[in-house]
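Report on one structure; see the data block that follows.
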Number of protein chains: 2
Amino acid sequence: MAGTDKTKQPAAGGGPAVVLVNPQLGQNIGTAARAMWNCGLTDLRLVAPREGWPNDWAVKAASGADLVIDAARVFASTAEAIADLNHVYAASARRRDMIQEVLTPRAAAREMRRQAGQGARIGVLFGPERSGLTNDDMVLAGRMIAAPLNPAYSSLNLAQAVLLMAYEWYQEGSEAPERQVIEGVTGPASKADMMGLFEHLEAELDACGFLRVPEKRPSMVRNIRTVFQRAGLMEQEVRMLRGIITCLTQHKG
Amino acid sequence: MAGTDKTKQPAAGGGPAVVLVNPQLGQNIGTAARAMWNCGLTDLRLVAPREGWPNDWAVKAASGADLVIDAARVFASTAEAIADLNHVYAASARRRDMIQEVLTPRAAAREMRRQAGQGARIGVLFGPERSGLTNDDMVLAGRMIAAPLNPAYSSLNLAQAVLLMAYEWYQEGSEAPERQVIEGVTGPASKADMMGLFEHLEAELDACGFLRVPEKRPSMVRNIRTVFQRAGLMEQEVRMLRGIITCLTQHKG
């Protein structure tokens, strides 16, 4: 496979290539491919997969991420798989007896985004399920990526390791808001909407005698208003609540 | 299972309970348990798992996270599974036809840490593999969690969804540095170490004639020093480099 001009293709969209070194199980390759496509990555490279390639288990586990599976390329060695890349990272849970810079997936994603923005081609190495990357493969990478995880159990499933890296890559480039309200056809209630609700409710509560003790009325009104203020109501919900009030009072009558 | 005092146990360590609603495959339960324990979570709750419980596939896929599998509790309904919790989130890739606040996993993790810090018990609902949570289960949750992902392919494998939430929970509480150098027995080189290296090297380069053109010497020295400065050398590496210089010059002689 090496030496074909396939290796000259850029990583699609500037996203990092995912290089699985000697993956053992087709299923894990498939799940990794799915995680990649979840995060918009498409450049999957396999170094001597144990079960050979193509692999039916991989297709099944990819669960629709065929685009990644179909474009996967097989290489005989890690060195050949990364020959066209400018920056290579190695994912590993194990500390090695070598001097190497270790980044969290988040810090690595930030660095990769910067490098990709400068036109660099990037890849991340992931080792075989049981043993992880060899030290010789680690040395091919400029930096190591290790996620802060439970020190008592930090070994990730292969596809899970791929997901965390791909996820952080995607988040770093995402402009999605951290918090939003699904609004449907409605929007947040205005203060006028809220005042309309309060006046409607309090008029009915005055009428039915709920607020009949004058010295308690101010604090009771405050407590009621607080509940609805805190709920962060949508305009449509205010209309619904006013409908409920109307219905309850009419029923009573 | 419902109604036993097991439901009164607090979520271990204040971490969120992971509530898998009608999970279809034992393997996915096991992989989810592994992801939980990777991130220090232990409170796994299963609502009517399709294959029953206990499940050998789950044990196998948990790959050593037996602690989570052994402590898993089974409930007949989602409502029973969350009865002891104060705050419940629902993980979903699908937008629903209801008004609900949607958080990214990161924003949700920040909020959960705050809630847990106030002593609240928290849980996250995950729906069955094929269909996701029903709208009735969604309503049991105060907020929805959705990861920003490839809009063309945003559906995560069940265990992957659990991992992203658990991972963000762990990161939010982690004080691990984003970037560190594995140092072994050594530490970063001091400026004195670096000057020693430069003077050693430049003396040898003067001796061998590499720096023989006087007007070029200053810029050549700067270029050489820049390379080693940029490398961010450790003290042990400086010693190694000086050993190399000595060896090369002795060999030449």
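Residue numbers start at 1 in each chain; chains themselves are named A, B, ... in the order of the structure tokens; ligands are numbered from 1 in the order shown.
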
Using only C-alpha atoms, what does the table of chain B residues within 6 Å of chain A look like, with each row giving the shortest atom pair and its distance in Å to one decimal, sorted by chain and ascending number, as CSV?
residue,atom,partner,partner_atom,distance
B:Asn38,CA,A:Asn150,CA,5.2
B:Cys39,CA,A:Asn150,CA,5.2
B:Gly40,CA,A:Asn150,CA,5.3
B:Ile99,CA,A:Ile182,CA,5.4
B:Gln100,CA,A:Ile182,CA,5.5
B:Glu101,CA,A:Val181,CA,4.3
B:Val102,CA,A:Gln180,CA,5.3
B:Leu103,CA,A:Arg179,CA,4.5
B:Thr104,CA,A:Glu178,CA,5.1
B:Ala107,CA,A:Glu178,CA,5.8
B:Leu149,CA,A:Cys39,CA,5.4
B:Asn150,CA,A:Cys39,CA,5.2
B:Tyr153,CA,A:Asn38,CA,5.4
B:Ser154,CA,A:Asn38,CA,5.4
B:Glu178,CA,A:Thr104,CA,5.2
B:Arg179,CA,A:Leu103,CA,4.5
B:Gln180,CA,A:Val102,CA,5.3
B:Val181,CA,A:Glu101,CA,4.3
B:Ile182,CA,A:Ile99,CA,5.4
B:Glu183,CA,A:Ile99,CA,5.6

Could you pull the residues within 12 Å of Gln250 of chain B, counting only C-alpha atoms, minus those fewer than 4 positions along the same chain, as a list in words?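 Once the nearby chain positions are removed, what remains is Glu204, Cys208, Gly243, Ile244, Ile245 and Thr246 of chain B.
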
Selected residues written out with all heavy atoms, as a CSV table (one decimal), in the first residue's frame:
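Contents of result01.csv, freshly written:
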chain,number,residue,atom,x,y,z
B,204,GLU,N,33.8,23.2,20.3
B,204,GLU,CA,34.2,22.1,19.4
B,204,GLU,C,34.0,22.6,17.9
B,204,GLU,O,34.7,22.2,17.1
B,204,GLU,CB,33.3,20.9,19.7
B,204,GLU,CG,33.7,20.2,21.0
B,204,GLU,CD,35.1,19.7,21.1
B,204,GLU,OE1,35.8,19.7,20.1
B,204,GLU,OE2,35.5,19.4,22.3
B,208,CYS,N,36.8,22.6,15.1
B,208,CYS,CA,36.7,21.8,13.8
B,208,CYS,C,36.6,22.6,12.6
B,208,CYS,O,36.6,22.1,11.5
B,208,CYS,CB,35.6,20.7,13.9
B,208,CYS,SG,34.0,21.4,13.7
B,243,GLY,N,27.4,14.4,26.0
B,243,GLY,CA,28.1,13.1,25.8
B,243,GLY,C,28.3,12.8,24.3
B,243,GLY,O,29.4,12.3,23.8
B,244,ILE,N,27.3,13.1,23.5
B,244,ILE,CA,27.4,12.9,22.0
B,244,ILE,C,28.5,13.7,21.4
B,244,ILE,O,29.3,13.3,20.6
B,244,ILE,CB,26.0,13.2,21.4
B,244,ILE,CG1,25.0,12.1,21.8
B,244,ILE,CG2,26.1,13.4,19.9
B,244,ILE,CD1,23.6,12.4,21.3
B,245,ILE,N,28.5,15.0,21.9
B,245,ILE,CA,29.5,15.9,21.3
B,245,ILE,C,30.9,15.4,21.6
B,245,ILE,O,31.8,15.3,20.8
B,245,ILE,CB,29.4,17.3,21.9
B,245,ILE,CG1,28.0,17.9,21.5
B,245,ILE,CG2,30.5,18.3,21.5
B,245,ILE,CD1,27.6,19.2,22.3
B,246,THR,N,31.1,15.0,22.9
B,246,THR,CA,32.4,14.5,23.3
B,246,THR,C,32.8,13.2,22.5
B,246,THR,O,33.9,13.1,22.0
B,246,THR,CB,32.4,14.1,24.8
B,246,THR,OG1,32.0,15.3,25.5
B,246,THR,CG2,33.7,13.5,25.3

Which of these, B:Leu67, B:Leu201, B:Val21, B:Val59, has the shortest distance to Asp43 of chain B once you count only C-alpha atoms? B:Leu67

re atom CA of Asn135 of chain B and atom CA of Arg113 of chain B: distance 26.3 Å

Selection: 8 Å around segment 70-85 of chain B, only C-alpha atoms, excl. self and same-chain fewer than 2 positions, as an NGL selection string: :B and (1-2 or 7-8 or 19 or 21 or 42-49 or 53 or 66-68 or 87-88 or 120-123 or 137 or 140)

Residue subset to file, keeping N, CA and C atoms, as a CSV table (one decimal), in the first residue's frame:
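Result saved to again19.csv:
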chain,number,residue,atom,x,y,z
B,1,MET,N,-37.6,-4.9,42.5
B,1,MET,CA,-36.4,-4.2,43.0
B,1,MET,C,-36.8,-2.9,43.6
B,2,ALA,N,-37.9,-2.3,43.1
B,2,ALA,CA,-38.3,-1.0,43.6
B,2,ALA,C,-38.8,-1.1,45.0
B,7,THR,N,-32.4,2.0,47.0
B,7,THR,CA,-32.6,3.2,46.3
B,7,THR,C,-32.2,4.4,47.2
B,8,LYS,N,-32.0,4.1,48.5
B,8,LYS,CA,-31.6,5.2,49.4
B,8,LYS,C,-30.2,5.5,49.5
B,19,VAL,N,-28.3,6.1,34.4
B,19,VAL,CA,-29.6,5.3,34.3
B,19,VAL,C,-29.8,4.9,32.8
B,21,VAL,N,-32.1,3.2,30.3
B,21,VAL,CA,-33.5,2.9,30.2
B,21,VAL,C,-33.7,1.9,29.1
B,42,THR,N,-19.8,5.0,39.6
B,42,THR,CA,-20.0,3.7,40.0
B,42,THR,C,-21.5,3.3,40.1
B,43,ASP,N,-22.4,4.4,40.1
B,43,ASP,CA,-23.8,4.1,40.3
B,43,ASP,C,-24.6,3.9,39.0
B,44,LEU,N,-24.6,2.6,38.7
B,44,LEU,CA,-25.3,2.2,37.4
B,44,LEU,C,-26.7,1.7,37.7
B,45,ARG,N,-27.7,2.2,37.0
B,45,ARG,CA,-29.1,1.8,37.3
B,45,ARG,C,-29.7,1.3,35.9
B,46,LEU,N,-30.3,0.2,35.9
B,46,LEU,CA,-30.9,-0.4,34.7
B,46,LEU,C,-32.4,-0.4,34.8
B,47,VAL,N,-33.1,0.1,33.8
B,47,VAL,CA,-34.5,0.0,33.8
B,47,VAL,C,-34.9,-1.0,32.8
B,48,ALA,N,-35.4,-2.1,33.3
B,48,ALA,CA,-35.9,-3.2,32.5
B,48,ALA,C,-35.0,-3.6,31.3
B,49,PRO,N,-33.8,-4.0,31.6
B,49,PRO,CA,-32.9,-4.4,30.5
B,49,PRO,C,-33.5,-5.5,29.7
B,53,TRP,N,-31.0,-9.5,33.7
B,53,TRP,CA,-29.8,-9.2,34.5
B,53,TRP,C,-29.7,-10.2,35.6
B,66,ASP,N,-15.7,-4.6,37.2
B,66,ASP,CA,-16.7,-5.4,37.8
B,66,ASP,C,-17.4,-4.7,39.0
B,67,LEU,N,-16.7,-3.8,39.6
B,67,LEU,CA,-17.2,-3.0,40.7
B,67,LEU,C,-18.5,-2.3,40.3
B,68,VAL,N,-18.5,-1.8,39.1
B,68,VAL,CA,-19.7,-1.1,38.6
B,68,VAL,C,-20.8,-2.2,38.3
B,87,HIS,N,-31.7,15.9,40.9
B,87,HIS,CA,-31.6,16.5,39.5
B,87,HIS,C,-31.4,15.4,38.5
B,88,VAL,N,-32.2,15.4,37.5
B,88,VAL,CA,-32.1,14.4,36.4
B,88,VAL,C,-32.0,15.1,35.1
B,120,ALA,N,-26.6,17.6,46.4
B,120,ALA,CA,-27.7,17.1,45.6
B,120,ALA,C,-27.3,15.7,45.0
B,121,ARG,N,-28.3,14.9,44.8
B,121,ARG,CA,-28.1,13.6,44.1
B,121,ARG,C,-28.5,13.8,42.6
B,122,ILE,N,-27.7,13.3,41.7
B,122,ILE,CA,-27.9,13.6,40.3
B,122,ILE,C,-27.9,12.3,39.5
B,123,GLY,N,-28.6,12.3,38.4
B,123,GLY,CA,-28.6,11.2,37.5
B,123,GLY,C,-28.8,11.6,36.1
B,137,ASP,N,-40.2,9.7,29.2
B,137,ASP,CA,-39.0,9.7,30.0
B,137,ASP,C,-38.3,11.1,30.0
B,140,LEU,N,-39.4,13.5,32.6
B,140,LEU,CA,-38.9,13.2,33.9
B,140,LEU,C,-37.6,14.0,34.2

Report as an mmCIF file with C-alpha atoms, in the first residue's frame all protein, DNA and RNA residues lying within 10 Å of Val221 of chain B, evaluated on only C-alpha atoms, omitting residues in the same chain fewer than 6 positions from it.
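Resulting contents of result15.cif:
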data_model
loop_
_atom_site.group_PDB
_atom_site.id
_atom_site.type_symbol
_atom_site.label_atom_id
_atom_site.label_comp_id
_atom_site.auth_asym_id
_atom_site.auth_seq_id
_atom_site.Cartn_x
_atom_site.Cartn_y
_atom_site.Cartn_z
ATOM 1 C CA PHE B 198 26.209 25.869 23.972
ATOM 2 C CA LEU B 201 29.339 22.713 21.340
ATOM 3 C CA GLU B 202 30.570 26.054 20.036
ATOM 4 C CA LEU B 205 32.663 23.790 16.327
ATOM 5 C CA LEU B 211 32.419 28.411 12.570
#

Two-atom distance - atom CA of Lys60 of chain B, atom CA of Gly132 of chain A (Å):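 Atom CA of Lys60 of chain B sits 19.6 Å away from atom CA of Gly132 of chain A.
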
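Here atom CA of Leu197 of chain A stands at a distance of 7.7 Å from atom CA of Leu241 of chain A.
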
Choose the residue, out of B:Ile224, B:Val213, B:Val238, B:Ala231, that has the smallest atom-to-atom separation from Asp193 of chain B; count only C-alpha atoms.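 The shortest atom-to-atom distance to Asp193 of chain B comes from B:Val238.
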
Residues of segment 8-226 of chain B in helix (DSSP H, G or I), written as a PyMOL selection string: chain B and resi 8+12-14+26-38+56-62+66-71+78-81+105-117+135-140+158-173+191-208+217-226

Give me the residues near Leu25 of chain A as a PDB file with N, CA, C and O atoms, in the first residue's frame, where near means some atom within 9 Å (using only C-alpha atoms) and where sequence neighbours in that chain fewer than 3 positions away do not count.
ATOM      1  N   ASN A  28     -13.902  -3.241  16.855  1.00  0.00           N
ATOM      2  CA  ASN A  28     -13.363  -2.003  17.415  1.00  0.00           C
ATOM      3  C   ASN A  28     -13.030  -0.982  16.320  1.00  0.00           C
ATOM      4  O   ASN A  28     -13.183   0.225  16.515  1.00  0.00           O
ATOM      5  N   ILE A  29     -12.564  -1.492  15.166  1.00  0.00           N
ATOM      6  CA  ILE A  29     -12.300  -0.589  14.046  1.00  0.00           C
ATOM      7  C   ILE A  29     -13.604   0.078  13.611  1.00  0.00           C
ATOM      8  O   ILE A  29     -13.665   1.287  13.378  1.00  0.00           O
ATOM      9  N   GLY A  30     -14.669  -0.728  13.552  1.00  0.00           N
ATOM     10  CA  GLY A  30     -15.965  -0.187  13.147  1.00  0.00           C
ATOM     11  C   GLY A  30     -16.483   0.855  14.131  1.00  0.00           C
ATOM     12  O   GLY A  30     -16.978   1.910  13.737  1.00  0.00           O
ATOM     13  N   PRO A  49      -3.866  -4.538  10.286  1.00  0.00           N
ATOM     14  CA  PRO A  49      -4.926  -5.024  11.192  1.00  0.00           C
ATOM     15  C   PRO A  49      -4.902  -6.548  11.275  1.00  0.00           C
ATOM     16  O   PRO A  49      -4.767  -7.219  10.250  1.00  0.00           O
ATOM     17  N   ARG A  50      -5.032  -7.078  12.478  1.00  0.00           N
ATOM     18  CA  ARG A  50      -4.836  -8.507  12.708  1.00  0.00           C
ATOM     19  C   ARG A  50      -5.794  -9.380  11.909  1.00  0.00           C
ATOM     20  O   ARG A  50      -5.413 -10.428  11.395  1.00  0.00           O
ATOM     21  N   GLU A  51      -7.047  -8.934  11.815  1.00  0.00           N
ATOM     22  CA  GLU A  51      -8.056  -9.758  11.123  1.00  0.00           C
ATOM     23  C   GLU A  51      -8.095  -9.485   9.622  1.00  0.00           C
ATOM     24  O   GLU A  51      -8.987  -9.982   8.935  1.00  0.00           O
ATOM     25  N   TRP A  57     -17.049  -7.433  10.357  1.00  0.00           N
ATOM     26  CA  TRP A  57     -17.385  -6.965  11.703  1.00  0.00           C
ATOM     27  C   TRP A  57     -17.225  -5.447  11.806  1.00  0.00           C
ATOM     28  O   TRP A  57     -18.003  -4.770  12.485  1.00  0.00           O
ATOM     29  N   ALA A  58     -16.233  -4.941  11.128  1.00  0.00           N
ATOM     30  CA  ALA A  58     -16.005  -3.500  11.146  1.00  0.00           C
ATOM     31  C   ALA A  58     -17.169  -2.766  10.492  1.00  0.00           C
ATOM     32  O   ALA A  58     -17.678  -1.766  11.023  1.00  0.00           O
ATOM     33  N   GLU A 129      -5.404  -3.096  21.077  1.00  0.00           N
ATOM     34  CA  GLU A 129      -6.280  -3.134  22.246  1.00  0.00           C
ATOM     35  C   GLU A 129      -5.558  -3.597  23.505  1.00  0.00           C
ATOM     36  O   GLU A 129      -5.707  -3.013  24.580  1.00  0.00           O
TER      37      GLU A 129
END

Selection near Met194 of chain B, 9 Å with only C-alpha atoms, sequence-local residues under 5 positions removed, as a count of residues only: 8

When DSSP works through the backbone of this structure, what residues of segment 2-236 of chain B end up as strand (DSSP E), shown as a ChimeraX atom specification? /B:17-21,44-47,73-75,87-91,100-103,122-126,143-145,179-182
